[in-house]
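Structure file entry.txt with compact mmCIF, C-alpha atoms:
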# COMPACT_ATOMS: atom_id res chain seq x y z
CA VAL A 14 -119.55 81.44 -101.49
CA LEU A 15 -118.67 81.64 -97.81
CA GLU A 16 -115.06 80.72 -98.59
CA MET A 17 -114.86 83.47 -101.23
CA GLU A 18 -116.40 86.01 -98.88
CA LEU A 19 -114.00 85.10 -96.10
CA THR A 20 -111.01 85.16 -98.46
CA GLU A 21 -111.94 88.62 -99.69
CA ALA A 22 -112.52 89.85 -96.13
CA ILE A 23 -109.09 88.63 -95.11
CA ARG A 24 -107.47 90.20 -98.16
CA ALA A 25 -109.20 93.50 -97.49
CA ALA A 26 -108.05 93.46 -93.87
CA ALA A 27 -104.49 92.70 -94.98
CA ARG A 28 -104.59 95.55 -97.53
CA GLU A 29 -105.84 97.93 -94.86
CA ALA A 30 -103.16 96.85 -92.39
CA GLU A 31 -100.40 97.08 -94.97
CA SER A 32 -101.48 100.56 -96.04
CA VAL A 33 -100.03 102.06 -92.88
CA GLY A 34 -96.63 101.90 -91.27
CA THR A 35 -93.37 101.03 -92.91
CA LEU A 36 -95.06 98.91 -95.56
CA GLY A 37 -97.52 101.58 -96.70
CA LYS A 38 -97.75 105.17 -97.80
CA SER A 39 -99.84 106.60 -94.98
CA LYS A 40 -97.43 106.25 -92.14
CA PRO A 41 -98.77 107.69 -88.91
CA PRO A 42 -96.89 110.48 -87.10
CA VAL A 43 -93.79 109.15 -85.38
CA GLY A 44 -95.02 110.53 -82.06
CA GLU A 45 -97.64 107.77 -81.98
CA MET A 46 -94.82 105.33 -81.28
CA PHE A 47 -94.72 106.66 -77.73
CA GLU A 48 -98.46 106.39 -77.04
CA GLN A 49 -100.02 103.57 -75.01
CA VAL A 50 -96.76 102.57 -73.36
CA TYR A 51 -98.31 103.87 -70.15
CA LYS A 52 -101.64 105.51 -69.49
CA ALA A 53 -99.68 108.76 -69.32
CA PRO A 54 -96.09 109.13 -70.62
CA ASP A 55 -93.40 110.01 -68.11
CA TRP A 56 -90.61 112.54 -68.64
CA ARG A 57 -88.40 109.99 -70.38
CA LEU A 58 -90.95 109.24 -73.05
CA GLU A 59 -91.80 112.90 -73.48
CA ARG A 60 -88.12 113.71 -73.99
CA GLN A 61 -87.60 110.81 -76.37
CA ARG A 62 -90.73 111.70 -78.31
CA ARG A 63 -89.40 115.22 -78.86
CA GLU A 64 -86.08 113.78 -79.97
CA ALA A 65 -87.75 111.36 -82.40
CA ASP A 66 -89.98 114.11 -83.79
CA ALA A 67 -86.88 116.17 -84.50
CA GLN A 68 -85.23 113.40 -86.53
CA MET B 22 -60.76 78.16 -94.82
CA SER B 23 -64.20 78.78 -96.31
CA ARG B 24 -66.50 81.72 -96.96
CA MET B 25 -69.39 81.45 -94.52
CA THR B 26 -72.42 83.44 -93.49
CA MET B 27 -72.92 83.83 -89.76
CA VAL B 28 -75.48 81.02 -89.84
CA GLN B 29 -73.01 78.72 -91.55
CA ALA B 30 -70.25 79.70 -89.14
CA LEU B 31 -72.44 78.92 -86.14
CA ASN B 32 -73.42 75.61 -87.70
CA SER B 33 -69.75 74.86 -88.25
CA ALA B 34 -68.96 75.63 -84.60
CA LEU B 35 -71.63 73.20 -83.43
CA ASP B 36 -70.44 70.58 -85.90
CA VAL B 37 -66.82 70.93 -84.81
CA MET B 38 -67.68 70.68 -81.13
CA MET B 39 -70.07 67.75 -81.53
CA ASP B 40 -67.36 65.95 -83.45
CA ARG B 41 -64.64 66.69 -80.87
CA ASP B 42 -66.64 66.12 -77.72
CA SER B 43 -69.33 63.48 -77.37
CA SER B 44 -70.74 65.29 -74.35
CA VAL B 45 -71.91 68.21 -76.52
CA MET B 46 -75.66 67.99 -77.12
CA VAL B 47 -77.77 70.37 -79.24
CA PHE B 48 -81.49 70.80 -78.77
CA GLY B 49 -84.38 73.24 -78.87
CA GLN B 50 -87.64 73.92 -80.64
CA ASP B 51 -87.25 72.71 -84.26
CA ALA B 52 -83.50 72.38 -83.67
CA GLY B 53 -83.41 68.66 -84.46
CA TYR B 54 -85.21 67.28 -87.51
CA PHE B 55 -85.90 70.68 -89.08
CA GLY B 56 -82.46 72.15 -88.38
CA GLY B 57 -83.66 75.34 -86.69
CA VAL B 58 -85.83 78.13 -88.04
CA PHE B 59 -82.69 79.98 -89.13
CA ARG B 60 -80.93 76.72 -90.18
CA VAL B 61 -78.17 77.02 -87.58
CA THR B 62 -78.53 73.36 -86.54
CA GLU B 63 -79.14 72.05 -90.05
CA GLY B 64 -77.74 68.58 -90.70
CA LEU B 65 -76.59 67.96 -87.14
CA GLN B 66 -79.27 65.41 -86.30
CA ARG B 67 -78.55 63.49 -89.50
CA LYS B 68 -74.84 63.46 -88.70
CA TYR B 69 -74.86 62.86 -84.95
CA GLY B 70 -78.21 61.18 -84.37
CA ALA B 71 -81.37 62.12 -82.56
CA GLU B 72 -79.87 61.34 -79.16
CA ARG B 73 -77.41 64.23 -79.50
CA CYS B 74 -79.44 66.70 -81.57
CA PHE B 75 -83.14 66.72 -80.88
CA ASP B 76 -86.33 68.73 -80.78
CA ALA B 77 -87.76 70.13 -77.58
CA PRO B 78 -91.35 70.95 -76.73
CA ILE B 79 -92.46 74.60 -76.66
CA THR B 80 -91.36 75.17 -73.09
CA GLU B 81 -88.45 77.54 -72.79
CA GLY B 82 -88.17 77.07 -69.04
CA GLY B 83 -88.06 73.32 -69.55
CA ILE B 84 -85.40 73.60 -72.25
CA VAL B 85 -83.04 75.55 -70.00
CA ALA B 86 -83.91 73.42 -66.96
CA ALA B 87 -83.06 70.28 -68.91
CA ALA B 88 -79.80 71.85 -70.05
CA ILE B 89 -78.86 72.67 -66.46
CA GLY B 90 -79.49 69.11 -65.36
CA MET B 91 -77.49 67.76 -68.27
CA GLY B 92 -74.65 70.16 -67.57
CA ALA B 93 -74.55 69.38 -63.87
CA ASN B 94 -74.23 65.70 -64.76
CA GLY B 95 -71.27 65.98 -67.09
CA LEU B 96 -72.70 66.93 -70.48
CA ARG B 97 -72.14 70.16 -72.42
CA PRO B 98 -75.58 71.08 -73.73
CA VAL B 99 -76.20 73.82 -76.27
CA ALA B 100 -79.83 74.82 -75.98
CA GLU B 101 -81.57 76.97 -78.56
CA ILE B 102 -84.34 79.39 -77.68
CA GLN B 103 -85.97 80.13 -81.01
CA PHE B 104 -86.14 83.90 -80.46
CA ALA B 105 -84.78 85.91 -77.55
CA ASP B 106 -88.26 87.38 -77.25
CA TYR B 107 -89.36 83.98 -75.92
CA ILE B 108 -86.59 83.54 -73.39
CA TYR B 109 -88.42 85.19 -70.50
CA PRO B 110 -90.13 81.97 -69.29
CA ALA B 111 -86.58 80.57 -68.98
CA TYR B 112 -85.25 83.57 -67.08
CA ASP B 113 -85.97 82.01 -63.71
CA GLN B 114 -84.01 78.89 -64.66
CA LEU B 115 -81.13 80.97 -65.98
CA VAL B 116 -80.93 83.32 -63.01
CA SER B 117 -82.08 81.22 -60.07
CA GLU B 118 -80.50 77.93 -61.13
CA ALA B 119 -77.85 78.12 -63.87
CA ALA B 120 -76.21 81.33 -62.70
CA ARG B 121 -76.05 80.35 -59.02
CA LEU B 122 -75.46 76.61 -59.07
CA ARG B 123 -71.70 76.89 -58.60
CA TYR B 124 -72.02 79.49 -55.83
CA ARG B 125 -74.86 77.74 -54.03
CA SER B 126 -73.05 74.40 -53.98
CA ASN B 127 -69.70 75.94 -53.05
CA GLY B 128 -68.21 74.71 -56.29
CA GLU B 129 -69.52 71.16 -56.06
CA PHE B 130 -71.84 71.55 -59.07
CA TRP B 131 -71.94 73.90 -62.02
CA ALA B 132 -73.83 74.39 -65.26
CA PRO B 133 -71.55 74.39 -68.30
CA ILE B 134 -74.39 75.25 -70.64
CA THR B 135 -74.70 77.50 -73.66
CA VAL B 136 -78.05 79.04 -74.45
CA ARG B 137 -78.12 80.30 -78.03
CA THR B 138 -80.83 82.67 -79.13
CA PRO B 139 -81.38 85.04 -82.07
CA TYR B 140 -82.02 88.61 -80.92
CA GLY B 141 -82.46 92.15 -82.21
CA GLY B 142 -84.52 94.00 -84.76
CA GLY B 143 -84.46 95.18 -88.32
CA ILE B 144 -86.37 92.20 -89.71
CA PHE B 145 -89.97 93.50 -89.60
CA GLY B 146 -90.53 91.18 -86.66
CA GLY B 147 -92.49 93.56 -84.46
CA GLN B 148 -92.49 93.37 -80.71
CA THR B 149 -92.32 89.56 -80.47
CA HIS B 150 -89.36 88.93 -82.77
CA SER B 151 -87.12 91.97 -82.41
CA GLN B 152 -86.17 92.53 -78.79
CA SER B 153 -82.69 93.02 -77.36
CA PRO B 154 -82.79 91.70 -73.77
CA GLU B 155 -79.03 91.47 -73.19
CA ALA B 156 -79.01 93.74 -70.14
CA ILE B 157 -81.16 91.42 -68.04
CA PHE B 158 -78.57 88.66 -68.39
CA THR B 159 -75.62 90.92 -67.57
CA HIS B 160 -77.45 91.78 -64.34
CA ALA B 161 -77.37 88.16 -63.13
CA PRO B 162 -74.08 87.29 -61.41
CA GLY B 163 -72.83 83.94 -62.69
CA LEU B 164 -74.01 84.32 -66.29
CA LYS B 165 -71.79 85.26 -69.20
CA THR B 166 -73.22 87.20 -72.13
CA VAL B 167 -71.75 86.98 -75.62
CA ILE B 168 -72.75 88.80 -78.82
CA PRO B 169 -70.78 88.21 -82.03
CA SER B 170 -70.88 90.53 -85.03
CA THR B 171 -69.05 88.58 -87.75
CA PRO B 172 -69.04 84.98 -89.01
CA TYR B 173 -65.43 84.55 -87.88
CA ASP B 174 -66.21 85.77 -84.38
CA ALA B 175 -69.46 83.83 -84.21
CA LYS B 176 -67.72 80.50 -84.68
CA GLY B 177 -64.75 81.22 -82.42
CA LEU B 178 -66.87 82.68 -79.64
CA LEU B 179 -69.48 79.91 -79.78
CA ILE B 180 -66.75 77.30 -79.45
CA SER B 181 -65.40 79.15 -76.41
CA ALA B 182 -68.87 79.41 -74.96
CA ILE B 183 -69.42 75.66 -75.31
CA GLU B 184 -66.05 74.92 -73.70
CA ASP B 185 -66.68 77.36 -70.87
CA ASP B 186 -67.56 75.83 -67.50
CA ASP B 187 -69.97 78.65 -66.70
CA PRO B 188 -73.41 79.24 -68.24
CA VAL B 189 -73.24 81.45 -71.33
CA VAL B 190 -76.12 83.30 -72.97
CA PHE B 191 -75.09 83.54 -76.61
CA LEU B 192 -77.11 86.24 -78.35
CA GLU B 193 -77.03 86.07 -82.13
CA PRO B 194 -77.86 89.32 -83.97
CA LYS B 195 -80.24 87.83 -86.49
CA ARG B 196 -80.34 90.90 -88.75
CA ILE B 197 -76.76 90.10 -89.70
CA TYR B 198 -77.13 86.32 -89.99
CA SER B 199 -76.85 86.59 -93.79
CA GLY B 200 -74.88 89.78 -94.23
CA PRO B 201 -73.76 92.98 -92.50
CA PHE B 202 -76.42 95.67 -92.12
CA ASP B 203 -75.64 99.31 -91.41
CA GLY B 204 -79.11 100.50 -90.41
CA ARG B 205 -80.10 101.86 -93.82
CA PRO B 206 -82.93 99.69 -95.16
CA ASP B 207 -83.03 101.60 -98.44
CA GLN B 208 -79.57 100.38 -99.37
CA PRO B 209 -78.94 97.12 -101.28
CA LEU B 210 -78.50 94.04 -99.13
CA GLU B 211 -74.94 92.87 -98.70
CA SER B 212 -73.90 89.24 -98.33
CA TRP B 213 -71.29 87.98 -95.93
CA LEU B 214 -69.74 86.04 -98.76
CA LYS B 215 -67.97 89.15 -100.11
CA HIS B 216 -66.92 90.39 -96.67
CA PRO B 217 -63.40 89.74 -95.31
CA GLU B 218 -64.80 88.61 -91.95
CA SER B 219 -66.57 85.73 -93.69
CA GLU B 220 -63.27 83.89 -94.12
CA VAL B 221 -63.71 81.19 -91.48
CA PRO B 222 -61.42 78.25 -90.71
CA ASP B 223 -63.20 74.96 -91.34
CA GLY B 224 -61.84 73.31 -88.20
CA TYR B 225 -61.47 74.15 -84.56
CA TYR B 226 -60.45 77.56 -83.21
CA ALA B 227 -61.56 79.50 -80.18
CA LEU B 228 -61.75 83.21 -79.44
CA PRO B 229 -61.42 84.17 -75.78
CA LEU B 230 -64.46 85.52 -73.97
CA GLY B 231 -63.73 88.98 -72.60
CA ALA B 232 -61.72 90.37 -75.50
CA ALA B 233 -63.14 93.28 -77.49
CA ALA B 234 -62.13 94.04 -81.08
CA VAL B 235 -61.22 97.46 -82.46
CA ARG B 236 -63.16 97.52 -85.74
CA ARG B 237 -61.94 100.98 -86.72
CA SER B 238 -59.07 102.93 -85.24
CA GLY B 239 -59.64 106.61 -84.63
CA SER B 240 -58.66 109.54 -82.46
CA ALA B 241 -61.71 111.82 -82.18
CA VAL B 242 -64.23 109.73 -80.25
CA THR B 243 -64.69 106.17 -79.00
CA VAL B 244 -67.86 104.35 -80.03
CA LEU B 245 -68.79 101.28 -77.98
CA ALA B 246 -71.02 98.91 -79.92
CA TYR B 247 -71.94 95.25 -80.33
CA GLY B 248 -73.95 93.09 -82.69
CA THR B 249 -75.60 94.84 -85.63
CA MET B 250 -74.75 98.24 -84.19
CA VAL B 251 -71.09 97.72 -85.09
CA TYR B 252 -72.04 98.25 -88.74
CA VAL B 253 -74.27 101.20 -87.93
CA ALA B 254 -71.30 102.75 -86.13
CA LEU B 255 -68.97 102.11 -89.05
CA ALA B 256 -71.48 103.74 -91.42
CA ALA B 257 -71.86 106.71 -89.10
CA ALA B 258 -68.11 107.24 -88.99
CA THR B 259 -67.94 107.18 -92.79
CA GLU B 260 -71.00 109.40 -93.20
CA SER B 261 -69.85 112.00 -90.68
CA GLY B 262 -66.18 112.03 -91.57
CA ILE B 263 -65.46 111.96 -87.84
CA ASP B 264 -62.40 109.92 -86.92
CA ALA B 265 -64.20 107.55 -84.58
CA GLU B 266 -62.61 104.54 -82.94
CA ILE B 267 -65.19 101.78 -83.02
CA ILE B 268 -64.93 99.06 -80.42
CA ASP B 269 -66.93 95.86 -80.85
CA LEU B 270 -67.37 94.58 -77.29
CA ARG B 271 -68.11 90.97 -78.41
CA THR B 272 -68.73 89.89 -74.82
CA LEU B 273 -70.61 92.04 -72.33
CA VAL B 274 -69.74 89.76 -69.41
CA PRO B 275 -66.82 89.33 -69.05
CA LEU B 276 -66.19 92.87 -70.30
CA ASP B 277 -62.91 94.01 -71.84
CA LEU B 278 -62.62 97.13 -69.70
CA LYS B 279 -58.93 97.58 -70.52
CA THR B 280 -59.57 98.14 -74.23
CA ILE B 281 -62.42 100.54 -73.48
CA VAL B 282 -60.41 102.60 -71.01
CA GLU B 283 -57.35 102.80 -73.25
CA SER B 284 -59.49 104.02 -76.13
CA VAL B 285 -61.47 106.62 -74.19
CA ASN B 286 -58.34 107.91 -72.49
CA LYS B 287 -56.92 108.39 -75.98
CA THR B 288 -59.97 110.04 -77.60
CA GLY B 289 -61.44 111.84 -74.59
CA ARG B 290 -64.95 111.23 -75.86
CA CYS B 291 -67.35 108.31 -75.78
CA VAL B 292 -70.61 107.39 -77.51
CA ILE B 293 -72.37 104.13 -76.67
CA VAL B 294 -74.88 102.56 -79.02
CA HIS B 295 -77.29 99.64 -78.67
CA GLU B 296 -80.62 98.51 -80.04
CA ALA B 297 -82.21 97.89 -76.66
CA PRO B 298 -84.27 100.55 -74.90
CA CYS B 299 -82.31 103.24 -73.10
CA THR B 300 -83.43 102.92 -69.51
CA SER B 301 -81.37 100.33 -67.62
CA GLY B 302 -79.78 99.24 -70.89
CA PHE B 303 -76.17 98.05 -70.93
CA ALA B 304 -75.08 101.53 -72.02
CA GLY B 305 -75.91 102.70 -68.51
CA GLU B 306 -73.35 100.28 -67.07
CA LEU B 307 -70.78 101.26 -69.67
CA THR B 308 -71.38 104.94 -68.96
CA ALA B 309 -70.72 104.42 -65.26
CA LEU B 310 -67.52 102.47 -65.93
CA VAL B 311 -66.18 105.02 -68.41
CA GLN B 312 -67.00 107.86 -66.05
CA GLN B 313 -65.27 106.04 -63.19
CA HIS B 314 -62.14 105.03 -65.08
CA CYS B 315 -61.72 107.87 -67.61
CA PHE B 316 -63.09 110.88 -65.72
CA TYR B 317 -59.97 113.01 -66.05
CA SER B 318 -59.69 112.28 -69.79
CA LEU B 319 -63.27 113.09 -70.74
CA GLU B 320 -63.70 116.23 -72.83
CA ALA B 321 -67.47 115.91 -73.26
CA PRO B 322 -70.42 114.17 -71.64
CA ILE B 323 -70.82 110.49 -72.55
CA GLU B 324 -73.66 109.98 -75.04
CA ARG B 325 -76.04 107.03 -75.32
CA VAL B 326 -77.76 106.31 -78.64
CA THR B 327 -80.28 103.53 -78.10
CA GLY B 328 -83.71 102.21 -78.86
CA TRP B 329 -86.53 104.25 -77.37
CA ASP B 330 -88.22 103.28 -74.10
CA THR B 331 -91.15 101.70 -75.92
CA PRO B 332 -92.01 98.17 -76.95
CA TYR B 333 -90.42 97.38 -80.32
CA PRO B 334 -92.84 98.91 -82.86
CA LEU B 335 -93.62 97.18 -86.16
CA ALA B 336 -94.99 100.18 -88.03
CA PHE B 337 -92.20 102.47 -86.80
CA GLU B 338 -89.34 100.02 -87.23
CA TRP B 339 -86.99 102.50 -88.93
CA ASP B 340 -87.85 105.26 -86.50
CA TYR B 341 -86.97 102.94 -83.62
CA PHE B 342 -83.94 101.12 -85.00
CA VAL B 343 -80.79 103.16 -84.46
CA THR B 344 -79.66 104.55 -87.81
CA PRO B 345 -76.34 106.08 -88.83
CA ALA B 346 -78.11 109.46 -88.96
CA ARG B 347 -78.95 109.35 -85.23
CA LEU B 348 -75.46 108.24 -84.36
CA VAL B 349 -73.90 110.96 -86.52
CA GLN B 350 -75.80 113.58 -84.52
CA ALA B 351 -74.33 112.19 -81.30
CA LEU B 352 -70.84 112.04 -82.76
CA ARG B 353 -71.13 115.68 -83.77
CA ARG B 354 -72.42 116.69 -80.34
CA VAL B 355 -69.50 115.12 -78.51
CA THR B 356 -66.84 116.29 -80.95
CA LEU B 357 -67.56 119.49 -82.84
CA GLU B 358 -69.77 121.09 -80.22
CA SER B 359 -67.34 120.42 -77.41
CA LEU B 360 -64.39 122.05 -79.17
As structure tokens - that is how I would like this structure written.
Amino acid sequence: VLEMELTEAIRAAAREAESVGTLGKSKPPVGEMFEQVYKAPDWRLERQRREADAQ
Amino acid sequence: MSRMTMVQALNSALDVMMDRDSSVMVFGQDAGYFGGVFRVTEGLQRKYGAERCFDAPITEGGIVAAAIGMGANGLRPVAEIQFADYIYPAYDQLVSEAARLRYRSNGEFWAPITVRTPYGGGIFGGQTHSQSPEAIFTHAPGLKTVIPSTPYDAKGLLISAIEDDDPVVFLEPKRIYSGPFDGRPDQPLESWLKHPESEVPDGYYALPLGAAAVRRSGSAVTVLAYGTMVYVALAAATESGIDAEIIDLRTLVPLDLKTIVESVNKTGRCVIVHEAPCTSGFAGELTALVQQHCFYSLEAPIERVTGWDTPYPLAFEWDYFVTPARLVQALRRVTLESL
């Protein structure tokens, strides 16, 4: 039973992970690519984020 | 002459050199018994024995350090780092030891080593299997940096790298190991085996380090590219209809400045493309050189089209990876808008 529960938990986690990004249909906004590089983005990242958003 | 993928061409180069020169040794993580995760060293241990083709522990610094010691004592080691993303622990050995050994010993010792490593993105590898760290090697005096883009070049350049008496970092664009890729993941995969550049001599031949190749002649703008980006540039030229001259640098150090300058002086415009992040990328060096040597010919600002200044993102792979569409925009900015 434990093995089945763990297998299903892993499968559910994989399904959730694969539902976003390039493998899924609910891709997050491209601007999120530039978040968490630094605590606060500098001018380069701000400029590049605008450029990527415009693609 | 045979049709080869890039992997097969690299394997052939190693085979040819191990056969010709008993001082050539091949080793790395899974490079011996298993034949490498990308199969580049497949069959070499069976053919040449475990003393000349062997596995190394997971210690990148130790792999390069061992290669330096072997090279300084008369061997010609070819070390494999499984992914360029894992080469950073070996950076100290490459920069502080391999690159400077000749200089530090006033020519008494040197490190004739080749460090092969797959690099670049487009394989859903995320931040730990997709990086393009070429610029950090070009910044270390004493190292040579080579990046092939075709099976034919891969074999000829790897043979030259092995024969070279200086340390060479040989970066293999893994997205094009099996076939050319133009940055459009929605298009059908293409195999090398139908491509003219997959015609590879079975035996020995060498291509000189420091010689670029003009992949497409043109008059409107010069595009400087290497690795997978050569095919992105070719697709962008086709898609835009702009008569771009596409130069495949093939080696970053030594750099074929003559070919670059001749082309930019002819076209008056220059776009540089690479997968690596923009800031302090090799395009910055190329921009400075083109500005210095072609200033009076330039009709428009030099453009860089590069990866963003972020870690390589898994979920945003095709927003990060330079596509023909991004390059087309740059080609249009430097041509149509400057008229």
Could you work out which residues of chain B fall inside 10 Å of chain A? Count all atoms listed in the file, and format the result as a PDB file with C-alpha atoms, keeping the file's coordinate frame.
ATOM      1  CA  PHE B 145     -89.970  93.500 -89.600  1.00  0.00           C
ATOM      2  CA  CYS B 299     -82.310 103.240 -73.100  1.00  0.00           C
ATOM      3  CA  THR B 300     -83.430 102.920 -69.510  1.00  0.00           C
ATOM      4  CA  GLY B 328     -83.710 102.210 -78.860  1.00  0.00           C
ATOM      5  CA  TRP B 329     -86.530 104.250 -77.370  1.00  0.00           C
ATOM      6  CA  ASP B 330     -88.220 103.280 -74.100  1.00  0.00           C
ATOM      7  CA  THR B 331     -91.150 101.700 -75.920  1.00  0.00           C
ATOM      8  CA  PRO B 332     -92.010  98.170 -76.950  1.00  0.00           C
ATOM      9  CA  TYR B 333     -90.420  97.380 -80.320  1.00  0.00           C
ATOM     10  CA  PRO B 334     -92.840  98.910 -82.860  1.00  0.00           C
ATOM     11  CA  LEU B 335     -93.620  97.180 -86.160  1.00  0.00           C
ATOM     12  CA  ALA B 336     -94.990 100.180 -88.030  1.00  0.00           C
ATOM     13  CA  PHE B 337     -92.200 102.470 -86.800  1.00  0.00           C
ATOM     14  CA  GLU B 338     -89.340 100.020 -87.230  1.00  0.00           C
ATOM     15  CA  TRP B 339     -86.990 102.500 -88.930  1.00  0.00           C
ATOM     16  CA  ASP B 340     -87.850 105.260 -86.500  1.00  0.00           C
ATOM     17  CA  TYR B 341     -86.970 102.940 -83.620  1.00  0.00           C
ATOM     18  CA  ALA B 346     -78.110 109.460 -88.960  1.00  0.00           C
ATOM     19  CA  ARG B 347     -78.950 109.350 -85.230  1.00  0.00           C
ATOM     20  CA  GLN B 350     -75.800 113.580 -84.520  1.00  0.00           C
TER      21      GLN B 350
END
Exercise: Glu155 of chain B partners within 12 Å, all atoms listed in the file, chain neighbours under 6 positions left out, as an MDAnalysis selection string: chainID B and resid 105:106 108:109 112 138:141 161 164:168 189:194 247:248 272:274 295:298 301:304
Got a sec: who's within 7 Å of Asn32 of chain B, counting all atoms listed in the file, leaving out chain neighbours fewer than 4 positions off, as a PDB file with C-alpha atoms, keeping the file's coordinate frame?
ATOM      1  CA  VAL B  28     -75.480  81.020 -89.840  1.00  0.00           C
ATOM      2  CA  ASP B  36     -70.440  70.580 -85.900  1.00  0.00           C
ATOM      3  CA  VAL B  61     -78.170  77.020 -87.580  1.00  0.00           C
ATOM      4  CA  THR B  62     -78.530  73.360 -86.540  1.00  0.00           C
TER       5      THR B  62
END
Shell of 8 Å around Trp213 of chain B, all atoms listed in the file, local chain residues under 4 positions omitted, as a VMD selection string: chain B and resid 24 to 27 172 199 to 201 218 to 219
Counting all atoms listed in the file, the residue of B:Phe158, B:Glu184, B:Thr356, B:Tyr317 that sits nearest Pro133 of chain B: B:Glu184
